[in-house]
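Data file: query16.csv. Format and content: CSV, C-alpha atoms.
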```csv
chain,number,residue,atom,x,y,z
P,20,MET,CA,27.9,-10.8,5.0
P,21,ASN,CA,25.1,-12.9,6.4
P,22,SER,CA,21.7,-12.1,5.0
P,23,VAL,CA,18.1,-13.3,4.6
P,24,ARG,CA,16.6,-13.3,1.1
P,25,SER,CA,13.2,-13.6,-0.4
P,26,HIS,CA,12.6,-14.6,-4.0
P,27,LYS,CA,8.9,-14.3,-4.7
P,28,VAL,CA,7.6,-10.7,-4.3
P,29,TRP,CA,5.5,-9.0,-7.0
P,30,LEU,CA,5.3,-5.3,-6.6
P,31,ALA,CA,2.6,-4.9,-9.2
P,32,ALA,CA,0.2,-6.7,-6.9
P,33,LEU,CA,-1.2,-3.2,-6.4
P,34,ALA,CA,-1.9,-3.0,-10.2
P,35,ALA,CA,-4.8,-5.3,-9.7
P,36,VAL,CA,-6.1,-3.0,-7.0
P,37,VAL,CA,-6.6,-0.3,-9.6
P,38,LEU,CA,-9.3,-2.2,-11.3
P,39,ALA,CA,-11.0,-3.1,-8.1
P,40,LEU,CA,-11.1,0.5,-7.0
P,41,SER,CA,-12.7,1.8,-10.2
P,42,GLY,CA,-16.2,3.0,-9.3
P,43,CYS,CA,-16.2,0.7,-6.2
P,44,SER,CA,-18.6,1.2,-3.4
P,45,ALA,CA,-17.9,-0.8,-0.2
P,46,SER,CA,-19.9,-1.3,3.0
P,47,VAL,CA,-18.8,-2.8,6.3
P,48,SER,CA,-20.3,-3.0,9.8
P,49,LEU,CA,-18.1,-2.2,12.8
P,50,GLY,CA,-18.9,-2.4,16.5
P,51,GLY,CA,-18.6,0.6,18.8
P,52,GLY,CA,-19.8,4.2,18.9
P,53,GLY,CA,-18.5,5.4,15.6
P,54,ILE,CA,-15.5,4.4,13.6
P,55,SER,CA,-11.9,5.4,14.5
P,56,GLN,CA,-9.5,6.7,11.9
P,57,SER,CA,-7.4,3.5,12.0
P,58,ASP,CA,-10.4,1.3,11.7
P,59,LEU,CA,-11.8,3.4,8.8
P,60,GLU,CA,-8.5,3.2,7.0
P,61,ARG,CA,-8.0,-0.6,7.6
P,62,GLU,CA,-11.6,-1.6,6.7
P,63,SER,CA,-11.7,0.7,3.7
P,64,ALA,CA,-8.5,-0.9,2.3
P,65,ARG,CA,-9.9,-4.4,2.9
P,66,GLN,CA,-13.2,-3.6,1.2
P,67,LEU,CA,-11.7,-1.8,-1.7
P,68,ALA,CA,-9.2,-4.6,-2.6
P,69,LEU,CA,-10.0,-7.0,-5.3
P,70,ASP,CA,-7.6,-9.5,-3.8
P,71,PRO,CA,-7.5,-9.6,0.1
P,72,GLU,CA,-3.7,-10.0,-0.1
P,73,ARG,CA,-3.4,-6.9,-2.3
P,74,GLU,CA,-4.8,-4.1,-0.3
P,75,PRO,CA,-4.3,-0.4,-1.3
P,76,GLU,CA,-2.8,2.1,1.1
P,77,VAL,CA,-5.5,4.3,2.6
P,78,ARG,CA,-5.2,7.5,4.7
P,79,CYS,CA,-8.1,9.4,6.1
P,80,ASP,CA,-8.3,12.8,7.8
P,81,GLY,CA,-10.1,11.3,10.8
P,82,GLY,CA,-12.8,8.8,11.9
P,83,LEU,CA,-16.5,8.6,11.2
P,84,ASP,CA,-19.2,9.7,13.6
P,85,ASN,CA,-22.1,7.3,14.3
P,86,GLU,CA,-24.6,9.5,12.4
P,87,VAL,CA,-26.2,8.7,9.1
P,88,ASN,CA,-24.7,10.8,6.3
P,89,ALA,CA,-21.6,11.6,8.4
P,90,THR,CA,-18.7,11.9,6.0
P,91,GLN,CA,-14.9,11.7,6.1
P,92,LYS,CA,-12.3,12.5,3.5
P,93,CYS,CA,-9.8,9.9,2.6
P,94,GLN,CA,-7.1,9.2,0.0
P,95,VAL,CA,-6.3,5.9,-1.7
P,96,HIS,CA,-2.9,5.1,-3.2
P,97,THR,CA,-3.3,3.5,-6.6
P,98,ALA,CA,-1.1,3.4,-9.7
P,99,GLY,CA,1.5,5.7,-8.1
P,100,ASN,CA,-1.1,8.4,-7.2
P,101,TRP,CA,-3.2,9.4,-4.3
P,102,VAL,CA,-6.9,9.6,-5.3
P,103,ASP,CA,-9.5,11.4,-3.3
P,104,TYR,CA,-12.3,9.3,-1.7
P,105,THR,CA,-15.2,10.0,0.6
P,106,ALA,CA,-16.5,7.7,3.3
P,107,THR,CA,-20.2,8.1,4.2
P,108,VAL,CA,-22.2,6.5,7.0
P,109,THR,CA,-25.2,4.8,5.5
P,110,SER,CA,-26.9,3.3,8.6
P,111,VAL,CA,-26.5,3.1,12.4
P,112,ASP,CA,-28.1,0.2,14.2
P,113,GLY,CA,-27.1,0.2,17.9
P,114,ASN,CA,-23.4,-0.2,18.0
P,115,ASN,CA,-23.1,-1.1,14.4
P,116,VAL,CA,-22.1,1.6,12.0
P,117,LYS,CA,-22.2,0.9,8.2
P,118,PHE,CA,-20.4,3.1,5.7
P,119,ASN,CA,-19.5,3.1,2.0
P,120,ILE,CA,-16.4,4.7,0.4
P,121,LYS,CA,-16.3,5.9,-3.2
P,122,ALA,CA,-13.9,7.8,-5.3
P,123,ASP,CA,-14.8,11.5,-5.7
P,124,ASP,CA,-13.8,11.2,-9.4
P,125,PRO,CA,-14.1,7.6,-10.6
P,126,ALA,CA,-12.4,8.5,-13.8
P,127,GLN,CA,-9.1,9.1,-11.9
P,128,VAL,CA,-9.2,5.4,-10.8
P,129,SER,CA,-10.4,3.9,-14.0
P,130,GLY,CA,-7.9,5.8,-16.1
P,131,ASP,CA,-10.6,7.6,-18.1
P,132,ALA,CA,-9.4,11.0,-16.9
P,133,GLY,CA,-7.2,13.1,-19.1
P,134,THR,CA,-8.2,12.0,-22.6
P,135,ASP,CA,-5.2,14.0,-24.1
P,136,SER,CA,-2.7,11.8,-22.2
P,137,ALA,CA,-0.5,9.5,-24.3
P,138,ALA,CA,-1.1,5.8,-24.3
P,139,GLU,CA,2.6,4.8,-24.1
P,140,PRO,CA,2.8,4.6,-20.3
P,141,SER,CA,0.3,1.7,-20.3
P,142,GLU,CA,2.4,-0.2,-22.7
P,143,ALA,CA,5.4,-0.7,-20.4
P,144,PRO,CA,5.9,-1.0,-16.7
P,145,THR,CA,6.9,2.1,-14.8
P,146,ALA,CA,8.8,2.6,-11.5
P,147,GLU,CA,7.0,1.4,-8.4
P,148,ALA,CA,6.2,4.2,-6.0
P,149,LYS,CA,8.2,4.5,-2.8
P,150,SER,CA,5.1,4.0,-0.6
P,151,ALA,CA,4.1,0.9,-2.6
P,152,LEU,CA,7.6,-0.6,-2.3
P,153,GLU,CA,7.6,-0.1,1.4
P,154,GLN,CA,4.2,-1.7,1.8
P,155,ASN,CA,5.1,-4.7,-0.3
P,156,LEU,CA,8.5,-5.1,1.3
P,157,ASN,CA,7.0,-4.9,4.8
P,158,ARG,CA,4.5,-7.6,3.8
P,159,SER,CA,7.2,-9.9,2.4
P,160,LEU,CA,9.4,-9.5,5.5
P,161,GLN,CA,6.4,-10.4,7.7
P,162,GLU,CA,5.5,-13.4,5.7
P,163,THR,CA,9.1,-14.7,5.4
P,164,THR,CA,10.4,-14.0,8.9
P,165,GLY,CA,7.2,-14.2,10.9
P,166,SER,CA,7.6,-10.7,12.4
P,167,THR,CA,7.1,-7.1,11.3
P,168,PRO,CA,9.9,-4.5,11.4
P,169,ASP,CA,9.4,-1.7,14.0
P,170,ASP,CA,9.9,0.7,11.1
P,171,LEU,CA,10.7,0.4,7.4
P,172,ARG,CA,11.9,3.1,5.0
P,173,CYS,CA,13.1,3.1,1.4
P,174,ALA,CA,15.1,5.8,-0.3
P,175,GLY,CA,12.9,6.0,-3.3
P,176,PRO,CA,10.9,4.1,-6.0
P,177,LEU,CA,12.1,0.9,-7.7
P,178,ASP,CA,12.7,1.1,-11.4
P,179,ALA,CA,11.0,-1.5,-13.6
P,180,THR,CA,14.3,-2.8,-15.0
P,181,VAL,CA,15.9,-6.1,-14.2
P,182,GLY,CA,18.9,-5.6,-12.0
P,183,ALA,CA,17.7,-2.2,-10.7
P,184,GLU,CA,18.3,-1.7,-7.0
P,185,GLN,CA,16.9,0.4,-4.2
P,186,GLN,CA,18.2,1.0,-0.7
P,187,CYS,CA,15.9,0.5,2.2
P,188,ALA,CA,16.4,0.1,6.0
P,189,LEU,CA,14.4,-1.6,8.7
P,190,LEU,CA,14.3,-1.0,12.5
P,191,ASP,CA,14.8,-4.1,14.5
P,192,GLY,CA,14.4,-3.1,18.1
P,193,THR,CA,17.0,-0.4,18.5
P,194,ARG,CA,19.1,-1.3,15.5
P,195,TRP,CA,18.7,-0.1,11.9
P,196,LEU,CA,19.7,-2.7,9.4
P,197,PRO,CA,20.3,-2.1,5.7
P,198,VAL,CA,18.0,-3.8,3.1
P,199,THR,CA,18.9,-4.0,-0.6
P,200,VAL,CA,16.0,-4.5,-3.0
P,201,THR,CA,16.8,-5.8,-6.5
P,202,VAL,CA,14.5,-6.3,-9.4
P,203,THR,CA,14.7,-9.9,-10.7
P,204,GLY,CA,12.0,-9.9,-13.3
P,205,VAL,CA,9.5,-7.8,-15.2
P,206,GLN,CA,6.4,-9.2,-16.8
P,207,GLY,CA,3.9,-6.7,-18.3
P,208,ASP,CA,2.9,-4.5,-15.3
P,209,ASP,CA,4.4,-6.9,-12.8
P,210,ILE,CA,7.8,-6.2,-11.1
P,211,ALA,CA,9.4,-9.1,-9.1
P,212,PHE,CA,12.2,-8.4,-6.6
P,213,ASP,CA,14.6,-9.9,-4.2
P,214,TRP,CA,15.5,-8.4,-0.9
P,215,GLU,CA,18.6,-8.8,1.2
P,216,VAL,CA,18.9,-7.7,4.9
P,217,GLY,CA,22.4,-7.0,6.2
P,218,THR,CA,23.4,-7.9,9.7
P,219,GLU,CA,25.6,-4.9,10.5
P,220,ALA,CA,23.8,-2.0,12.1
P,221,ILE,CA,23.7,1.4,10.3
P,222,PRO,CA,22.8,4.9,11.4
P,223,GLU,CA,19.1,5.9,11.2
P,224,PRO,CA,18.5,6.7,7.6
P,225,ALA,CA,17.7,10.3,6.6
P,226,TYR,CA,15.1,9.2,4.0
```
Kindly transcribe the structure held in the file into structure tokens.
Amino acid sequence: MNSVRSHKVWLAALAAVVLALSGCSASVSLGGGGISQSDLERESARQLALDPEREPEVRCDGGLDNEVNATQKCQVHTAGNWVDYTATVTSVDGNNVKFNIKADDPAQVSGDAGTDSAAEPSEAPTAEAKSALEQNLNRSLQETTGSTPDDLRCAGPLDATVGAEQQCALLDGTRWLPVTVTVTGVQGDDIAFDWEVGTEAIPEPAY
């Protein structure tokens, strides 16, 4: 079966984001009368990321009005969990709206919450969440092929074990193609994987 492969993808890129998000306050100026939901999510992810190539996944309940102290609830995906954040408009100057976004409970991001929790999970890598796998795989496909799939889904998380596999699928126009993701290396919190795209169309996946 013909395939396309990539050999340099590190899932734990999002692990660095965890440190950047801890107690982080970001501010950005956008043009227009207020900030749309998509702009708020995109700009928040960019501002919260320690590395511009390692942006967290952000989802917000809506956009931000162009009024000082207007707020919007968001969630940021980090370390396999969704953490509550609040975006707040700090100033409005003509068409420019500035806002900051902070964790409602910074301890959830820094890992200080839950003092009774065991330390063992930090000593070994854990499975990469399904959403993080999809995000990293989508980025790798774009960087390698020069185009982004119309849709991308994975059946579940990827275990931090060399040789572990996970089934995904991408939509190319009207065709769904199978994608097999295989762990090739584990270093500390980092998980490296290969992906292989099949050429024979499959039914739309149920996952």
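Atom to atom, atom CA of P:Glu62 and atom CA of P:Gly165 stand 23.0 Å apart.
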Contacts between stretch 114-118 of chain P and stretch 54-83 of chain P, please, where a residue of stretch 54-83 of chain P counts if it comes within 10 Å (with all atoms listed in the file); show its shortest atom pair and distance in Å to one decimal, rows by chain and ascending number, as a tab-separated table.
```
residue	atom	partner	partner_atom	distance
P:Ile54	CA	P:Val116	CA	7.3
P:Leu59	CA	P:Phe118	CA	9.1
P:Ser63	CA	P:Phe118	CA	9.2
P:Leu83	CA	P:Phe118	CA	8.7
```
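Here atom CA of P:Ala148 and atom CA of P:Asp124 stand 21.5 Å from one another.
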List every protein, DNA or RNA residue with an atom no more than 8 Å from (0.3, 0.4, 2.6) in the file's coordinates, counting only C-alpha atoms, and format the result as a PDB file with C-alpha atoms, keeping the file's coordinate frame.
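That gives us part.pdb:
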```
ATOM      1  CA  GLU P  74      -4.800  -4.100  -0.300  1.00  0.00           C
ATOM      2  CA  PRO P  75      -4.300  -0.400  -1.300  1.00  0.00           C
ATOM      3  CA  GLU P  76      -2.800   2.100   1.100  1.00  0.00           C
ATOM      4  CA  VAL P  77      -5.500   4.300   2.600  1.00  0.00           C
ATOM      5  CA  SER P 150       5.100   4.000  -0.600  1.00  0.00           C
ATOM      6  CA  ALA P 151       4.100   0.900  -2.600  1.00  0.00           C
ATOM      7  CA  GLU P 153       7.600  -0.100   1.400  1.00  0.00           C
ATOM      8  CA  GLN P 154       4.200  -1.700   1.800  1.00  0.00           C
ATOM      9  CA  ASN P 155       5.100  -4.700  -0.300  1.00  0.00           C
TER      10      ASN P 155
END
```
**OP:** Would you work out the distance separating atom CA of P:Asn85 from atom CA of P:Ser110, expressed in Å to one decimal?
**Re:** 8.5 Å
Subject >> Spatial neighbours of stretch 102-106 of chain P, 8 Å, all atoms listed in the file, chain gap at least 5 places, as an NGL selection string >> reply: :P and (83 or 90-97 or 118-124 or 127-128)
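For the residues P:Gln185, P:Thr107, P:Thr180, P:Asn157, ranking by smallest atom-to-atom distance to P:Asp209 using all atoms listed in the file places P:Thr180 first.
When all atoms listed in the file are used to measure the gap to P:Thr199, the shortest distance among P:Leu156, P:Val111, P:Ala225, P:Ala179 belongs to P:Leu156.
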Subject >> Long-range neighbours of P:Val202 as JSON, numbers by chain, 9 Å cut-off, all atoms listed in the file, 2 positions minimum in chain >> reply: {"P": [177, 178, 179, 180, 181, 182, 183, 184, 185, 200, 204, 205, 210, 211, 212, 213, 214]}
Output file for the residues above (C-alpha atoms, as a PDB file, in the frame of the given file):
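Below is the file that was written, selection_2.pdb:
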```pdb
ATOM      1  CA  LEU P 177      12.100   0.900  -7.700  1.00  0.00           C
ATOM      2  CA  ASP P 178      12.700   1.100 -11.400  1.00  0.00           C
ATOM      3  CA  ALA P 179      11.000  -1.500 -13.600  1.00  0.00           C
ATOM      4  CA  THR P 180      14.300  -2.800 -15.000  1.00  0.00           C
ATOM      5  CA  VAL P 181      15.900  -6.100 -14.200  1.00  0.00           C
ATOM      6  CA  GLY P 182      18.900  -5.600 -12.000  1.00  0.00           C
ATOM      7  CA  ALA P 183      17.700  -2.200 -10.700  1.00  0.00           C
ATOM      8  CA  GLU P 184      18.300  -1.700  -7.000  1.00  0.00           C
ATOM      9  CA  GLN P 185      16.900   0.400  -4.200  1.00  0.00           C
ATOM     10  CA  VAL P 200      16.000  -4.500  -3.000  1.00  0.00           C
ATOM     11  CA  GLY P 204      12.000  -9.900 -13.300  1.00  0.00           C
ATOM     12  CA  VAL P 205       9.500  -7.800 -15.200  1.00  0.00           C
ATOM     13  CA  ILE P 210       7.800  -6.200 -11.100  1.00  0.00           C
ATOM     14  CA  ALA P 211       9.400  -9.100  -9.100  1.00  0.00           C
ATOM     15  CA  PHE P 212      12.200  -8.400  -6.600  1.00  0.00           C
ATOM     16  CA  ASP P 213      14.600  -9.900  -4.200  1.00  0.00           C
ATOM     17  CA  TRP P 214      15.500  -8.400  -0.900  1.00  0.00           C
TER      18      TRP P 214
END
```
Might I get the box with edges along x, y and z of the file that holds all atoms of stretch 200-216 of chain P listed there, padded by 3 Å on every side, given as centre and edge lengths in Å to one decimal, as JSON?
```
{"center_x": 10.9, "center_y": -7.2, "center_z": -6.7, "size_x": 22.0, "size_y": 11.4, "size_z": 29.2}
```
